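> What follows is my_file.tsv, TSV, C-alpha atoms.
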chain	number	residue	atom	x	y	z
E	1	MET	CA	68.63	106.23	82.83
E	2	ARG	CA	69.35	103.56	85.44
E	3	ILE	CA	72.78	103.49	87.10
E	4	LEU	CA	74.30	100.82	89.35
E	5	ILE	CA	76.69	102.35	91.89
E	6	TYR	CA	79.24	100.30	93.83
E	7	SER	CA	80.69	102.03	96.88
E	8	TRP	CA	82.63	100.60	99.84
E	9	GLU	CA	81.27	103.41	102.03
E	10	PHE	CA	77.83	104.89	102.41
E	11	PRO	CA	75.97	106.41	105.37
E	12	PRO	CA	76.09	105.61	108.18
E	13	PHE	CA	79.46	103.96	107.41
E	14	PHE	CA	82.11	106.57	106.60
E	15	ASN	CA	85.86	106.22	106.49
E	16	GLY	CA	86.89	109.22	104.45
E	17	GLY	CA	86.09	111.53	101.57
E	18	LEU	CA	84.89	108.73	99.28
E	19	GLY	CA	81.84	108.08	101.45
E	20	VAL	CA	81.01	111.77	101.62
E	21	HIS	CA	81.32	112.06	97.84
E	22	VAL	CA	78.90	109.21	97.09
E	23	ALA	CA	76.46	110.27	99.82
E	24	GLU	CA	76.25	113.82	98.45
E	25	LEU	CA	76.35	113.00	94.73
E	26	THR	CA	73.71	110.28	94.49
E	27	PRO	CA	70.74	112.30	95.90
E	28	ARG	CA	71.46	115.14	93.45
E	29	LEU	CA	71.58	112.72	90.52
E	30	ALA	CA	68.31	111.20	91.73
E	31	GLU	CA	66.78	114.69	91.75
E	32	ALA	CA	67.97	115.02	88.14
E	33	GLU	CA	65.76	112.05	87.16
E	34	VAL	CA	68.55	109.47	87.14
E	35	ALA	CA	67.57	106.20	88.86
E	36	MET	CA	70.45	105.49	91.26
E	37	HIS	CA	70.88	102.01	92.77
E	38	VAL	CA	73.70	101.99	95.33
E	39	ILE	CA	75.17	98.67	96.43
E	40	THR	CA	77.34	98.94	99.52
E	41	GLN	CA	78.34	96.92	102.57
E	42	THR	CA	77.18	97.12	106.14
E	43	HIS	CA	78.46	95.49	109.30
E	44	GLU	CA	76.16	97.34	111.64
E	45	SER	CA	72.47	97.12	112.55
E	46	THR	CA	71.43	99.10	109.48
E	47	GLN	CA	68.43	98.25	107.31
E	48	LEU	CA	69.55	96.37	104.21
E	49	TYR	CA	67.21	98.18	101.84
E	50	ASP	CA	66.29	101.85	101.83
E	51	ASN	CA	64.53	104.19	99.45
E	52	PRO	CA	65.20	107.60	101.06
E	53	GLN	CA	63.86	109.63	98.12
E	54	PRO	CA	62.49	109.11	94.62
E	55	ASN	CA	65.05	107.52	92.26
E	56	LEU	CA	67.51	106.66	95.05
E	57	PHE	CA	67.67	103.03	96.19
E	58	ILE	CA	70.20	101.73	98.72
E	59	HIS	CA	71.02	98.01	98.80
E	60	ARG	CA	73.25	97.07	101.74
E	61	VAL	CA	75.05	93.73	101.89
E	62	ASP	CA	75.53	92.29	105.38
E	63	THR	CA	79.24	91.54	105.85
E	64	SER	CA	79.19	91.16	109.64
E	65	HIS	CA	80.00	87.44	109.37
E	66	ILE	CA	83.25	88.02	107.49
E	67	ASN	CA	86.42	87.74	109.56
E	68	ASN	CA	88.79	90.63	108.98
E	69	ASP	CA	92.42	90.23	110.09
E	70	GLY	CA	93.20	93.84	109.22
E	71	ASN	CA	94.23	93.15	105.60
E	72	ILE	CA	92.01	95.41	103.51
E	73	TYR	CA	92.82	93.58	100.27
E	74	ASP	CA	91.77	90.17	101.62
E	75	LEU	CA	88.65	91.74	103.10
E	76	ALA	CA	87.74	93.28	99.75
E	77	LYS	CA	88.24	89.92	98.04
E	78	GLN	CA	85.76	88.36	100.48
E	79	VAL	CA	83.19	91.15	100.27
E	80	ASN	CA	83.13	91.64	96.49
E	81	PRO	CA	81.49	88.29	95.61
E	82	LEU	CA	78.61	89.30	97.87
E	83	LEU	CA	78.39	92.68	96.15
E	84	GLU	CA	78.49	90.96	92.77
E	85	GLU	CA	75.72	88.54	93.79
E	86	THR	CA	73.49	91.43	94.84
E	87	GLY	CA	74.23	93.21	91.56
E	88	ASN	CA	73.26	90.16	89.52
E	89	LYS	CA	69.98	89.80	91.43
E	90	LEU	CA	69.14	93.43	90.78
E	91	TRP	CA	70.05	93.00	87.14
E	92	GLN	CA	67.44	90.27	86.78
E	93	GLU	CA	64.78	92.12	88.78
E	94	LEU	CA	65.19	95.42	86.93
E	95	ASN	CA	66.10	94.10	83.50
E	96	GLY	CA	69.56	95.63	83.57
E	97	PHE	CA	71.36	98.96	83.97
E	98	ASP	CA	72.70	101.52	81.53
E	99	ILE	CA	76.02	102.02	83.35
E	100	ILE	CA	77.99	100.44	86.20
E	101	HIS	CA	79.75	103.16	88.23
E	102	VAL	CA	82.35	102.02	90.77
E	103	HIS	CA	84.23	104.14	93.29
E	104	ASP	CA	87.86	103.04	93.73
E	105	TRP	CA	89.45	99.59	93.65
E	106	LEU	CA	87.73	98.26	96.78
E	107	VAL	CA	84.58	97.47	94.78
E	108	GLY	CA	86.27	97.11	91.41
E	109	PHE	CA	86.22	93.30	91.42
E	110	ALA	CA	82.40	93.25	91.46
E	111	GLY	CA	82.16	96.03	88.90
E	112	ILE	CA	84.44	94.27	86.43
E	113	CYS	CA	82.60	90.97	86.81
E	114	LEU	CA	79.22	92.57	86.14
E	115	LYS	CA	80.59	94.50	83.18
E	116	ASN	CA	81.85	91.32	81.54
E	117	SER	CA	78.76	89.28	82.44
E	118	HIS	CA	76.27	91.79	81.06
E	119	ALA	CA	78.31	93.72	78.44
E	120	CYS	CA	77.57	96.99	80.23
E	121	PRO	CA	79.74	100.16	80.14
E	122	LEU	CA	81.95	100.54	83.24
E	123	LEU	CA	82.68	103.98	84.71
E	124	THR	CA	85.22	104.33	87.54
E	125	THR	CA	85.87	107.26	89.83
E	126	PHE	CA	89.44	107.12	91.13
E	127	HIS	CA	89.56	108.94	94.46
E	128	ALA	CA	93.23	108.09	95.13
E	129	THR	CA	95.94	105.58	94.16
E	130	GLU	CA	98.15	103.33	96.25
E	131	LYS	CA	101.39	104.65	94.74
E	132	GLY	CA	100.20	108.18	95.33
E	133	ARG	CA	99.54	107.47	99.01
E	134	TYR	CA	103.07	106.13	99.42
E	135	ARG	CA	104.52	108.92	97.25
E	136	SER	CA	106.79	106.36	95.62
E	137	PRO	CA	107.05	104.86	92.12
E	138	THR	CA	108.06	101.54	93.71
E	139	LEU	CA	105.98	99.53	96.16
E	140	HIS	CA	107.95	97.05	98.27
E	141	ASN	CA	104.99	95.93	100.37
E	142	GLY	CA	103.11	92.90	99.02
E	143	LEU	CA	99.74	94.26	100.07
E	144	SER	CA	100.37	97.58	98.30
E	145	GLN	CA	101.54	95.75	95.17
E	146	SER	CA	98.30	93.78	95.10
E	147	ILE	CA	96.24	96.95	95.47
E	148	ASN	CA	98.24	98.69	92.76
E	149	GLN	CA	97.70	95.78	90.35
E	150	THR	CA	93.98	95.83	91.12
E	151	GLU	CA	93.91	99.55	90.33
E	152	GLN	CA	95.72	98.86	87.05
E	153	ASN	CA	93.19	96.18	86.10
E	154	LEU	CA	90.31	98.50	86.97
E	155	ALA	CA	91.80	101.31	84.85
E	156	ASN	CA	92.20	98.91	81.92
E	157	GLU	CA	88.64	97.57	82.19
E	158	SER	CA	86.97	100.96	82.62
E	159	ASP	CA	85.34	102.54	79.59
E	160	LYS	CA	85.56	105.97	81.21
E	161	ILE	CA	87.31	107.35	84.30
E	162	ILE	CA	86.38	110.31	86.49
E	163	VAL	CA	89.05	112.02	88.60
E	164	CYS	CA	88.64	114.93	91.00
E	165	SER	CA	91.55	117.15	89.90
E	166	GLN	CA	94.10	117.79	87.17
E	167	PHE	CA	96.65	116.37	89.58
E	168	MET	CA	94.77	113.07	89.69
E	169	LEU	CA	94.36	113.05	85.92
E	170	ARG	CA	98.13	113.22	85.52
E	171	GLU	CA	98.67	110.61	88.24
E	172	VAL	CA	96.25	108.06	86.79
E	173	SER	CA	97.57	108.68	83.29
E	174	ASP	CA	101.20	108.28	84.32
E	175	LEU	CA	100.70	105.28	86.59
E	176	PHE	CA	98.29	103.23	84.51
E	177	GLY	CA	98.88	104.45	80.96
E	178	VAL	CA	95.35	105.82	80.61
E	179	PRO	CA	94.91	108.19	77.66
E	180	ALA	CA	93.64	111.65	78.55
E	181	GLU	CA	90.57	111.29	76.31
E	182	LYS	CA	89.37	108.40	78.46
E	183	MET	CA	89.25	110.62	81.55
E	184	VAL	CA	87.22	113.59	82.74
E	185	VAL	CA	87.89	115.91	85.68
E	186	ILE	CA	84.94	116.62	87.98
E	187	PRO	CA	85.83	118.14	91.35
E	188	ASN	CA	84.29	117.23	94.68
E	189	GLY	CA	81.68	119.56	96.09
E	190	ILE	CA	80.53	121.04	99.38
E	191	ASN	CA	77.23	122.09	100.93
E	192	LEU	CA	76.71	125.59	102.28
E	193	PRO	CA	76.24	125.47	106.07
E	194	SER	CA	72.66	125.16	107.29
E	195	HIS	CA	73.26	125.14	111.06
E	196	SER	CA	71.28	127.20	113.54
E	197	TYR	CA	73.83	127.64	116.33
E	198	SER	CA	73.95	131.07	117.93
E	199	GLN	CA	77.14	132.99	118.66
E	200	GLU	CA	76.51	132.35	122.35
E	201	GLU	CA	76.33	128.58	121.81
E	202	VAL	CA	79.57	128.60	119.81
E	203	ALA	CA	81.31	130.76	122.44
E	204	GLU	CA	80.17	128.38	125.18
E	205	PHE	CA	81.43	125.40	123.21
E	206	ARG	CA	84.75	127.16	122.59
E	207	GLU	CA	85.25	127.88	126.28
E	208	GLU	CA	84.89	124.18	127.03
E	209	HIS	CA	88.17	123.65	125.17
E	210	LEU	CA	90.25	126.80	125.70
E	211	SER	CA	90.17	130.32	127.08
E	212	ALA	CA	88.05	132.91	125.33
E	213	GLN	CA	90.85	134.82	123.57
E	214	ALA	CA	93.15	131.87	122.76
E	215	PRO	CA	93.57	130.93	119.07
E	216	LEU	CA	91.95	127.64	118.09
E	217	ILE	CA	93.70	125.86	115.23
E	218	PHE	CA	91.47	123.13	113.79
E	219	SER	CA	91.97	120.20	111.45
E	220	ILE	CA	89.91	117.12	110.68
E	221	GLY	CA	90.52	113.95	108.71
E	222	ARG	CA	91.57	110.35	108.88
E	223	LEU	CA	94.64	109.92	111.09
E	224	VAL	CA	96.97	108.34	108.55
E	225	PHE	CA	100.55	109.24	107.67
E	226	GLU	CA	99.76	110.87	104.32
E	227	LYS	CA	97.55	113.48	106.00
E	228	GLY	CA	100.70	115.01	107.53
E	229	TYR	CA	99.39	115.63	111.05
E	230	HIS	CA	102.84	114.92	112.50
E	231	VAL	CA	104.02	117.95	110.52
E	232	LEU	CA	101.28	120.12	112.02
E	233	ILE	CA	102.03	119.03	115.59
E	234	GLY	CA	105.71	119.71	114.91
E	235	ALA	CA	104.80	123.31	114.06
E	236	MET	CA	103.14	124.00	117.39
E	237	PRO	CA	106.26	124.87	119.47
E	238	GLN	CA	106.94	127.82	117.14
E	239	VAL	CA	103.27	128.85	117.18
E	240	LEU	CA	103.24	128.75	120.98
E	241	GLU	CA	106.21	131.11	121.13
E	242	GLU	CA	104.00	133.78	119.52
E	243	PHE	CA	100.64	132.65	120.91
E	244	PRO	CA	101.26	130.88	124.23
E	245	GLN	CA	97.58	130.02	124.78
E	246	ALA	CA	96.96	128.54	121.33
E	247	LYS	CA	95.41	125.10	121.05
E	248	LEU	CA	95.45	122.61	118.20
E	249	ILE	CA	92.48	120.27	117.71
E	250	ILE	CA	92.88	117.39	115.24
E	251	ALA	CA	89.61	115.46	114.94
E	252	GLY	CA	89.34	112.01	113.39
E	253	LYS	CA	90.32	108.42	113.93
E	254	GLY	CA	92.97	106.21	112.38
E	255	PRO	CA	96.15	104.20	112.92
E	256	GLU	CA	98.33	107.26	113.68
E	257	PHE	CA	96.33	108.25	116.77
E	258	ASN	CA	98.78	106.94	119.39
E	259	HIS	CA	101.85	108.06	117.44
E	260	LEU	CA	100.54	111.62	117.13
E	261	ASN	CA	99.85	111.81	120.86
E	262	THR	CA	103.38	110.55	121.50
E	263	ILE	CA	104.84	113.30	119.30
E	264	ALA	CA	102.96	115.93	121.32
E	265	GLN	CA	104.17	114.38	124.59
E	266	ASN	CA	107.79	114.33	123.39
E	267	LEU	CA	107.54	118.01	122.46
E	268	ASN	CA	106.02	118.80	125.89
E	269	ILE	CA	102.97	120.39	124.28
E	270	SER	CA	100.25	117.86	125.19
E	271	ASP	CA	98.28	120.58	126.98
E	272	HIS	CA	98.05	122.44	123.66
E	273	VAL	CA	97.28	119.51	121.33
E	274	HIS	CA	94.02	117.58	121.60
E	275	LEU	CA	92.97	114.58	119.51
E	276	PRO	CA	89.31	113.92	120.37
E	277	GLY	CA	88.98	111.02	117.96
E	278	PHE	CA	85.77	110.65	115.99
E	279	ILE	CA	83.44	113.61	116.53
E	280	SER	CA	79.73	114.03	115.86
E	281	GLU	CA	78.34	116.23	113.12
E	282	GLU	CA	77.30	118.77	115.77
E	283	GLU	CA	80.83	118.87	117.19
E	284	ARG	CA	82.37	119.17	113.72
E	285	ILE	CA	80.20	122.19	112.91
E	286	LYS	CA	80.88	123.84	116.26
E	287	PHE	CA	84.65	123.32	115.99
E	288	LEU	CA	84.62	124.87	112.51
E	289	LEU	CA	82.56	127.82	113.74
E	290	ALA	CA	84.85	128.31	116.74
E	291	ALA	CA	88.15	127.94	114.86
E	292	SER	CA	90.58	130.82	114.37
E	293	CYS	CA	91.97	129.04	111.32
E	294	THR	CA	91.92	125.61	109.67
E	295	VAL	CA	95.04	123.72	108.61
E	296	PHE	CA	95.33	120.71	106.29
E	297	PRO	CA	98.99	119.61	106.05
E	298	SER	CA	98.62	116.63	103.70
E	299	LEU	CA	101.60	114.96	102.07
E	300	TYR	CA	99.28	113.48	99.43
E	301	GLU	CA	95.83	114.80	98.59
E	302	PRO	CA	93.99	113.98	95.35
E	303	PHE	CA	91.42	116.70	96.03
E	304	GLY	CA	91.06	118.04	99.57
E	305	ILE	CA	87.38	118.36	100.37
E	306	VAL	CA	88.31	119.39	103.92
E	307	ALA	CA	89.80	122.61	102.54
E	308	LEU	CA	86.41	123.41	101.02
E	309	GLU	CA	84.86	122.87	104.45
E	310	GLY	CA	87.12	125.52	105.94
E	311	MET	CA	86.21	127.88	103.10
E	312	VAL	CA	82.46	127.33	103.33
E	313	PHE	CA	82.53	127.99	107.10
E	314	GLN	CA	84.36	131.22	106.31
E	315	LYS	CA	87.56	130.38	108.17
E	316	PRO	CA	91.13	131.11	107.04
E	317	VAL	CA	92.48	128.00	105.30
E	318	ILE	CA	96.08	126.83	105.30
E	319	ALA	CA	96.88	123.76	103.20
E	320	SER	CA	99.82	121.93	101.69
E	321	ARG	CA	100.92	122.83	98.20
E	322	VAL	CA	100.16	119.31	96.96
E	323	GLY	CA	97.68	117.60	94.66
E	324	GLY	CA	94.18	118.94	94.37
E	325	MET	CA	94.54	121.41	97.23
E	326	ALA	CA	97.04	123.39	95.20
E	327	GLU	CA	94.31	123.69	92.54
E	328	ILE	CA	91.51	124.67	94.94
E	329	ILE	CA	93.49	127.35	96.79
E	330	GLU	CA	95.00	130.39	95.13
E	331	HIS	CA	97.92	131.33	97.35
E	332	GLU	CA	97.34	134.52	99.35
E	333	LYS	CA	94.01	135.12	97.57
E	334	THR	CA	91.69	132.34	98.83
E	335	GLY	CA	94.03	130.79	101.39
E	336	ILE	CA	97.70	130.14	102.13
E	337	LEU	CA	99.68	127.22	100.72
E	338	MET	CA	102.39	125.77	102.95
E	339	ASP	CA	105.33	123.67	101.87
E	340	SER	CA	104.54	119.98	102.15
E	341	ASP	CA	106.29	118.06	104.94
E	342	SER	CA	107.64	121.25	106.55
E	343	SER	CA	106.75	122.12	110.14
E	344	ASP	CA	108.62	125.42	109.74
E	345	SER	CA	106.41	126.38	106.80
E	346	ALA	CA	103.25	125.33	108.66
E	347	ALA	CA	104.28	127.42	111.68
E	348	TRP	CA	104.98	130.49	109.55
E	349	CYS	CA	101.60	130.21	107.79
E	350	ILE	CA	99.69	129.83	111.05
E	351	ILE	CA	101.51	132.71	112.75
E	352	ASN	CA	101.09	134.95	109.70
E	353	THR	CA	97.36	134.19	109.57
E	354	LEU	CA	96.80	134.87	113.28
E	355	GLN	CA	98.88	138.05	113.26
E	356	ASN	CA	97.14	139.53	110.22
E	357	PRO	CA	93.38	139.06	110.70
E	358	VAL	CA	92.37	141.73	108.17
E	359	LEU	CA	94.29	140.03	105.35
E	360	ALA	CA	93.02	136.65	106.51
E	361	GLN	CA	89.41	137.82	106.34
E	362	ALA	CA	89.92	139.17	102.83
E	363	ARG	CA	91.05	135.68	101.76
E	364	VAL	CA	88.04	134.20	103.56
E	365	ALA	CA	85.64	136.38	101.55
E	366	ASN	CA	87.32	135.44	98.25
E	367	ALA	CA	87.24	131.76	99.15
E	368	TYR	CA	83.54	131.78	100.01
E	369	ARG	CA	82.64	133.36	96.67
E	370	LEU	CA	84.69	130.71	94.89
E	371	VAL	CA	82.93	127.84	96.69
E	372	GLU	CA	79.48	129.24	95.92
E	373	LYS	CA	80.31	129.52	92.23
E	374	LYS	CA	82.30	126.36	91.50
E	375	TYR	CA	81.83	123.63	94.09
E	376	SER	CA	78.11	123.04	94.63
E	377	TRP	CA	77.06	119.37	94.62
E	378	ARG	CA	74.25	120.19	92.21
E	379	SER	CA	76.82	121.39	89.67
E	380	ILE	CA	78.93	118.25	90.27
E	381	ALA	CA	75.85	116.09	89.68
E	382	GLU	CA	75.02	117.91	86.44
E	383	ASN	CA	78.54	117.30	85.13
E	384	THR	CA	78.37	113.63	86.15
E	385	LYS	CA	75.04	113.21	84.39
E	386	VAL	CA	76.64	114.53	81.19
E	387	VAL	CA	79.26	111.78	81.45
E	388	TYR	CA	76.49	109.19	81.88
E	389	GLU	CA	74.63	110.51	78.83
E	390	ASP	CA	77.78	110.50	76.70
E	391	MET	CA	78.55	106.89	77.66
E	392	VAL	CA	75.02	105.69	76.90
E	393	GLU	CA	75.16	107.33	73.47
E	394	ILE	CA	78.42	105.49	72.71
Have the structure of the file written as structure tokens, please.


Amino acid sequence: MRILIYSWEFPPFFNGGLGVHVAELTPRLAEAEVAMHVITQTHESTQLYDNPQPNLFIHRVDTSHINNDGNIYDLAKQVNPLLEETGNKLWQELNGFDIIHVHDWLVGFAGICLKNSHACPLLTTFHATEKGRYRSPTLHNGLSQSINQTEQNLANESDKIIVCSQFMLREVSDLFGVPAEKMVVIPNGINLPSHSYSQEEVAEFREEHLSAQAPLIFSIGRLVFEKGYHVLIGAMPQVLEEFPQAKLIIAGKGPEFNHLNTIAQNLNISDHVHLPGFISEEERIKFLLAASCTVFPSLYEPFGIVALEGMVFQKPVIASRVGGMAEIIEHEKTGILMDSDSSDSAAWCIINTLQNPVLAQARVANAYRLVEKKYSWRSIAENTKVVYEDMVEI
């Protein structure tokens, strides 16, 4: 089987969970004897072609010459013809593909064009929707309306759709009128940690950021409104009443960076809230190892791969009772679910976790067993391969 993958993100260019998903899924499918050709963009000094392992071929399109005024829709409209051109060239060189698999609307234009040009089945993985991000059935912003219409067109053109949770299945069905039999739920996955950092190294790293006994509350993700980090910062005054030395670290970059720092300043807790921006893989691992608990206060979350990260690093996980995270976490068994958009609820969950370490560690053990059993990338790849095989048979 030969599959053409379109993805807006691929290493070393990451912007969120979509890039992680494609980067982890494609090597496992290649190991399962599926020839994977990934077409993606690059605007950095990255080699345009790569063959990192048998059956995995990366074709990067140089988009560094394209002017971007900050409008993601206009940028996508400029990039997609280049992606389509590369796809057509590969089609001629390789004598076609069995399936075109696109990840979200950003590359949907190219996927639809190739589908219609070559009469090839189109599979789409919806990682999120525009209306879901805004948590509103009505979009008043012209940009969001254009994105929503593009998502609708992509849903209509797709022969099959993969979503990461039952929540997303309902959302895509309700928003775009997609029948349930056209969709399949395959969750995201996570790798078990393979680091070699000693306890001494982690302790030394921890002491660079706070005192030895102080609780470290950690979160990571793109700094956008729907991730709810303003809610988490708003919880800190109550947490500090019980744990005066506690420190909150929110790693990641995004448009909310300055606003979140301003919230902390206005609450007079800047000394206890640190936003380091983008962090390296080494720093991410060390923060997770050093954390007292992890908190993910999303307002909208189709899946919540970050919650799996907290689980796999064997840290207490607190997450909003929304979307896919409410499916991953069993309240008070594998983690604690907080009320969405409630700083009071976030504060209570954090304080309860820190004050009851024995109960927290019991949840940690349950969560780790769940991740080992259900969320390995090899299992996700096997399920995806079944979808490919079913589509080829049709």

> Which neighbours of E:Pro276 fall inside 12 Å, counting only C-alpha atoms, when residues of the same chain fewer than 2 positions from it are skipped, and could you give them as a list of chain:residue names?

E:His209, E:Phe218, E:Ser219, E:Ile220, E:Gly221, E:Leu223, E:Leu248, E:Ile249, E:Ile250, E:Ala251, E:Gly252, E:Lys253, E:Gly254, E:Phe257, E:Asn258, E:Leu260, E:Asn261, E:Val273, E:His274, E:Phe278, E:Ile279, E:Ser280, E:Glu283, E:Arg284, E:Phe287

> Report as JSON lines the residues of stretch 288-355 of chain E within 12 Å of stretch 230-238 of chain E, each with its shortest atom pair and distance in Å (one decimal), using all atoms listed in the file, ordered by chain and increasing residue number.


{"residue": "E:Thr294", "atom": "CA", "partner": "E:Leu232", "partner_atom": "CA", "distance": 11.1}
{"residue": "E:Val295", "atom": "CA", "partner": "E:Leu232", "partner_atom": "CA", "distance": 8.0}
{"residue": "E:Phe296", "atom": "CA", "partner": "E:Leu232", "partner_atom": "CA", "distance": 8.3}
{"residue": "E:Pro297", "atom": "CA", "partner": "E:Leu232", "partner_atom": "CA", "distance": 6.4}
{"residue": "E:Ser298", "atom": "CA", "partner": "E:Val231", "partner_atom": "CA", "distance": 8.8}
{"residue": "E:Leu299", "atom": "CA", "partner": "E:Val231", "partner_atom": "CA", "distance": 9.3}
{"residue": "E:Ile318", "atom": "CA", "partner": "E:Leu232", "partner_atom": "CA", "distance": 10.8}
{"residue": "E:Ala319", "atom": "CA", "partner": "E:Leu232", "partner_atom": "CA", "distance": 10.5}
{"residue": "E:Ser320", "atom": "CA", "partner": "E:Val231", "partner_atom": "CA", "distance": 10.6}
{"residue": "E:Met338", "atom": "CA", "partner": "E:Leu232", "partner_atom": "CA", "distance": 10.7}
{"residue": "E:Asp339", "atom": "CA", "partner": "E:Val231", "partner_atom": "CA", "distance": 10.5}
{"residue": "E:Ser340", "atom": "CA", "partner": "E:Val231", "partner_atom": "CA", "distance": 8.6}
{"residue": "E:Asp341", "atom": "CA", "partner": "E:Val231", "partner_atom": "CA", "distance": 6.0}
{"residue": "E:Ser342", "atom": "CA", "partner": "E:Val231", "partner_atom": "CA", "distance": 6.3}
{"residue": "E:Ser343", "atom": "CA", "partner": "E:Ala235", "partner_atom": "CA", "distance": 4.5}
{"residue": "E:Asp344", "atom": "CA", "partner": "E:Ala235", "partner_atom": "CA", "distance": 6.1}
{"residue": "E:Ser345", "atom": "CA", "partner": "E:Ala235", "partner_atom": "CA", "distance": 8.0}
{"residue": "E:Ala346", "atom": "CA", "partner": "E:Ala235", "partner_atom": "CA", "distance": 6.0}
{"residue": "E:Ala347", "atom": "CA", "partner": "E:Ala235", "partner_atom": "CA", "distance": 4.8}
{"residue": "E:Trp348", "atom": "CA", "partner": "E:Gln238", "partner_atom": "CA", "distance": 8.3}
{"residue": "E:Cys349", "atom": "CA", "partner": "E:Ala235", "partner_atom": "CA", "distance": 9.9}
{"residue": "E:Ile350", "atom": "CA", "partner": "E:Ala235", "partner_atom": "CA", "distance": 8.8}
{"residue": "E:Ile351", "atom": "CA", "partner": "E:Gln238", "partner_atom": "CA", "distance": 8.5}
{"residue": "E:Asn352", "atom": "CA", "partner": "E:Gln238", "partner_atom": "CA", "distance": 11.8}

> Here is a test: counting all atoms listed in the file, which residue of E:Ala362, E:Val185, E:Val38, E:Cys164 is nearest to E:Gly304?

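Checking each of E:Ala362, E:Val185, E:Val38, E:Cys164 against E:Gly304, counting all atoms listed in the file, the winner is E:Cys164.
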
> At a cut-off of 12 Å, using all atoms listed in the file, what residues contact E:Glu309? Leave out same-chain residues fewer than 3 positions from it and give the result as an mmCIF file with C-alpha atoms, in the coordinates of the input.


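Okay, this is what ended up in out02.cif:
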data_model
loop_
_atom_site.group_PDB
_atom_site.id
_atom_site.type_symbol
_atom_site.label_atom_id
_atom_site.label_comp_id
_atom_site.auth_asym_id
_atom_site.auth_seq_id
_atom_site.Cartn_x
_atom_site.Cartn_y
_atom_site.Cartn_z
ATOM 1 C CA GLY E 17 86.090 111.530 101.570
ATOM 2 C CA ASN E 188 84.290 117.230 94.680
ATOM 3 C CA GLY E 189 81.680 119.560 96.090
ATOM 4 C CA ILE E 190 80.530 121.040 99.380
ATOM 5 C CA ASN E 191 77.230 122.090 100.930
ATOM 6 C CA LEU E 192 76.710 125.590 102.280
ATOM 7 C CA PRO E 193 76.240 125.470 106.070
ATOM 8 C CA PHE E 218 91.470 123.130 113.790
ATOM 9 C CA SER E 219 91.970 120.200 111.450
ATOM 10 C CA ILE E 220 89.910 117.120 110.680
ATOM 11 C CA GLY E 221 90.520 113.950 108.710
ATOM 12 C CA ARG E 284 82.370 119.170 113.720
ATOM 13 C CA ILE E 285 80.200 122.190 112.910
ATOM 14 C CA PHE E 287 84.650 123.320 115.990
ATOM 15 C CA LEU E 288 84.620 124.870 112.510
ATOM 16 C CA LEU E 289 82.560 127.820 113.740
ATOM 17 C CA CYS E 293 91.970 129.040 111.320
ATOM 18 C CA THR E 294 91.920 125.610 109.670
ATOM 19 C CA VAL E 295 95.040 123.720 108.610
ATOM 20 C CA PHE E 296 95.330 120.710 106.290
ATOM 21 C CA GLY E 304 91.060 118.040 99.570
ATOM 22 C CA ILE E 305 87.380 118.360 100.370
ATOM 23 C CA VAL E 306 88.310 119.390 103.920
ATOM 24 C CA VAL E 312 82.460 127.330 103.330
ATOM 25 C CA PHE E 313 82.530 127.990 107.100
ATOM 26 C CA GLN E 314 84.360 131.220 106.310
ATOM 27 C CA LYS E 315 87.560 130.380 108.170
ATOM 28 C CA PRO E 316 91.130 131.110 107.040
ATOM 29 C CA VAL E 317 92.480 128.000 105.300
ATOM 30 C CA ILE E 318 96.080 126.830 105.300
ATOM 31 C CA ILE E 328 91.510 124.670 94.940
ATOM 32 C CA VAL E 364 88.040 134.200 103.560
ATOM 33 C CA ALA E 367 87.240 131.760 99.150
ATOM 34 C CA TYR E 368 83.540 131.780 100.010
ATOM 35 C CA VAL E 371 82.930 127.840 96.690
ATOM 36 C CA GLU E 372 79.480 129.240 95.920
ATOM 37 C CA TYR E 375 81.830 123.630 94.090
ATOM 38 C CA SER E 376 78.110 123.040 94.630
#

> Please provide the set of residues having any atom within 10 Å of E:Val34, restricted to only C-alpha atoms, with same-chain residues fewer than 3 positions apart removed, written as a list of chain:residue names.

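Returned residues: E:Met1, E:Arg2, E:Ile3, E:Thr26, E:Pro27, E:Arg28, E:Leu29, E:Ala30, E:Glu31, E:His37, E:Pro54, E:Asn55, E:Leu56, E:Lys385, E:Tyr388.
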
> Mind completing stretch 184-190 of chain E with N, CA and C atoms? Output as a PDB file, in the frame of the given file, please?


ATOM      1  N   VAL E 184      87.864 112.287  82.588  1.00  0.00           N
ATOM      2  CA  VAL E 184      87.220 113.590  82.740  1.00  0.00           C
ATOM      3  C   VAL E 184      87.422 114.052  84.181  1.00  0.00           C
ATOM      4  N   VAL E 185      87.683 115.339  84.347  1.00  0.00           N
ATOM      5  CA  VAL E 185      87.890 115.910  85.680  1.00  0.00           C
ATOM      6  C   VAL E 185      86.590 116.540  86.165  1.00  0.00           C
ATOM      7  N   ILE E 186      86.100 116.032  87.291  1.00  0.00           N
ATOM      8  CA  ILE E 186      84.940 116.620  87.980  1.00  0.00           C
ATOM      9  C   ILE E 186      85.318 116.751  89.439  1.00  0.00           C
ATOM     10  N   PRO E 187      85.379 117.961  89.963  1.00  0.00           N
ATOM     11  CA  PRO E 187      85.830 118.140  91.350  1.00  0.00           C
ATOM     12  C   PRO E 187      84.798 117.623  92.356  1.00  0.00           C
ATOM     13  N   ASN E 188      85.223 117.487  93.594  1.00  0.00           N
ATOM     14  CA  ASN E 188      84.290 117.230  94.680  1.00  0.00           C
ATOM     15  C   ASN E 188      83.521 118.522  94.978  1.00  0.00           C
ATOM     16  N   GLY E 189      82.489 118.395  95.759  1.00  0.00           N
ATOM     17  CA  GLY E 189      81.680 119.560  96.090  1.00  0.00           C
ATOM     18  C   GLY E 189      81.529 119.740  97.589  1.00  0.00           C
ATOM     19  N   ILE E 190      80.749 120.728  97.967  1.00  0.00           N
ATOM     20  CA  ILE E 190      80.530 121.040  99.380  1.00  0.00           C
ATOM     21  C   ILE E 190      79.151 121.683  99.513  1.00  0.00           C
TER      22      ILE E 190
END
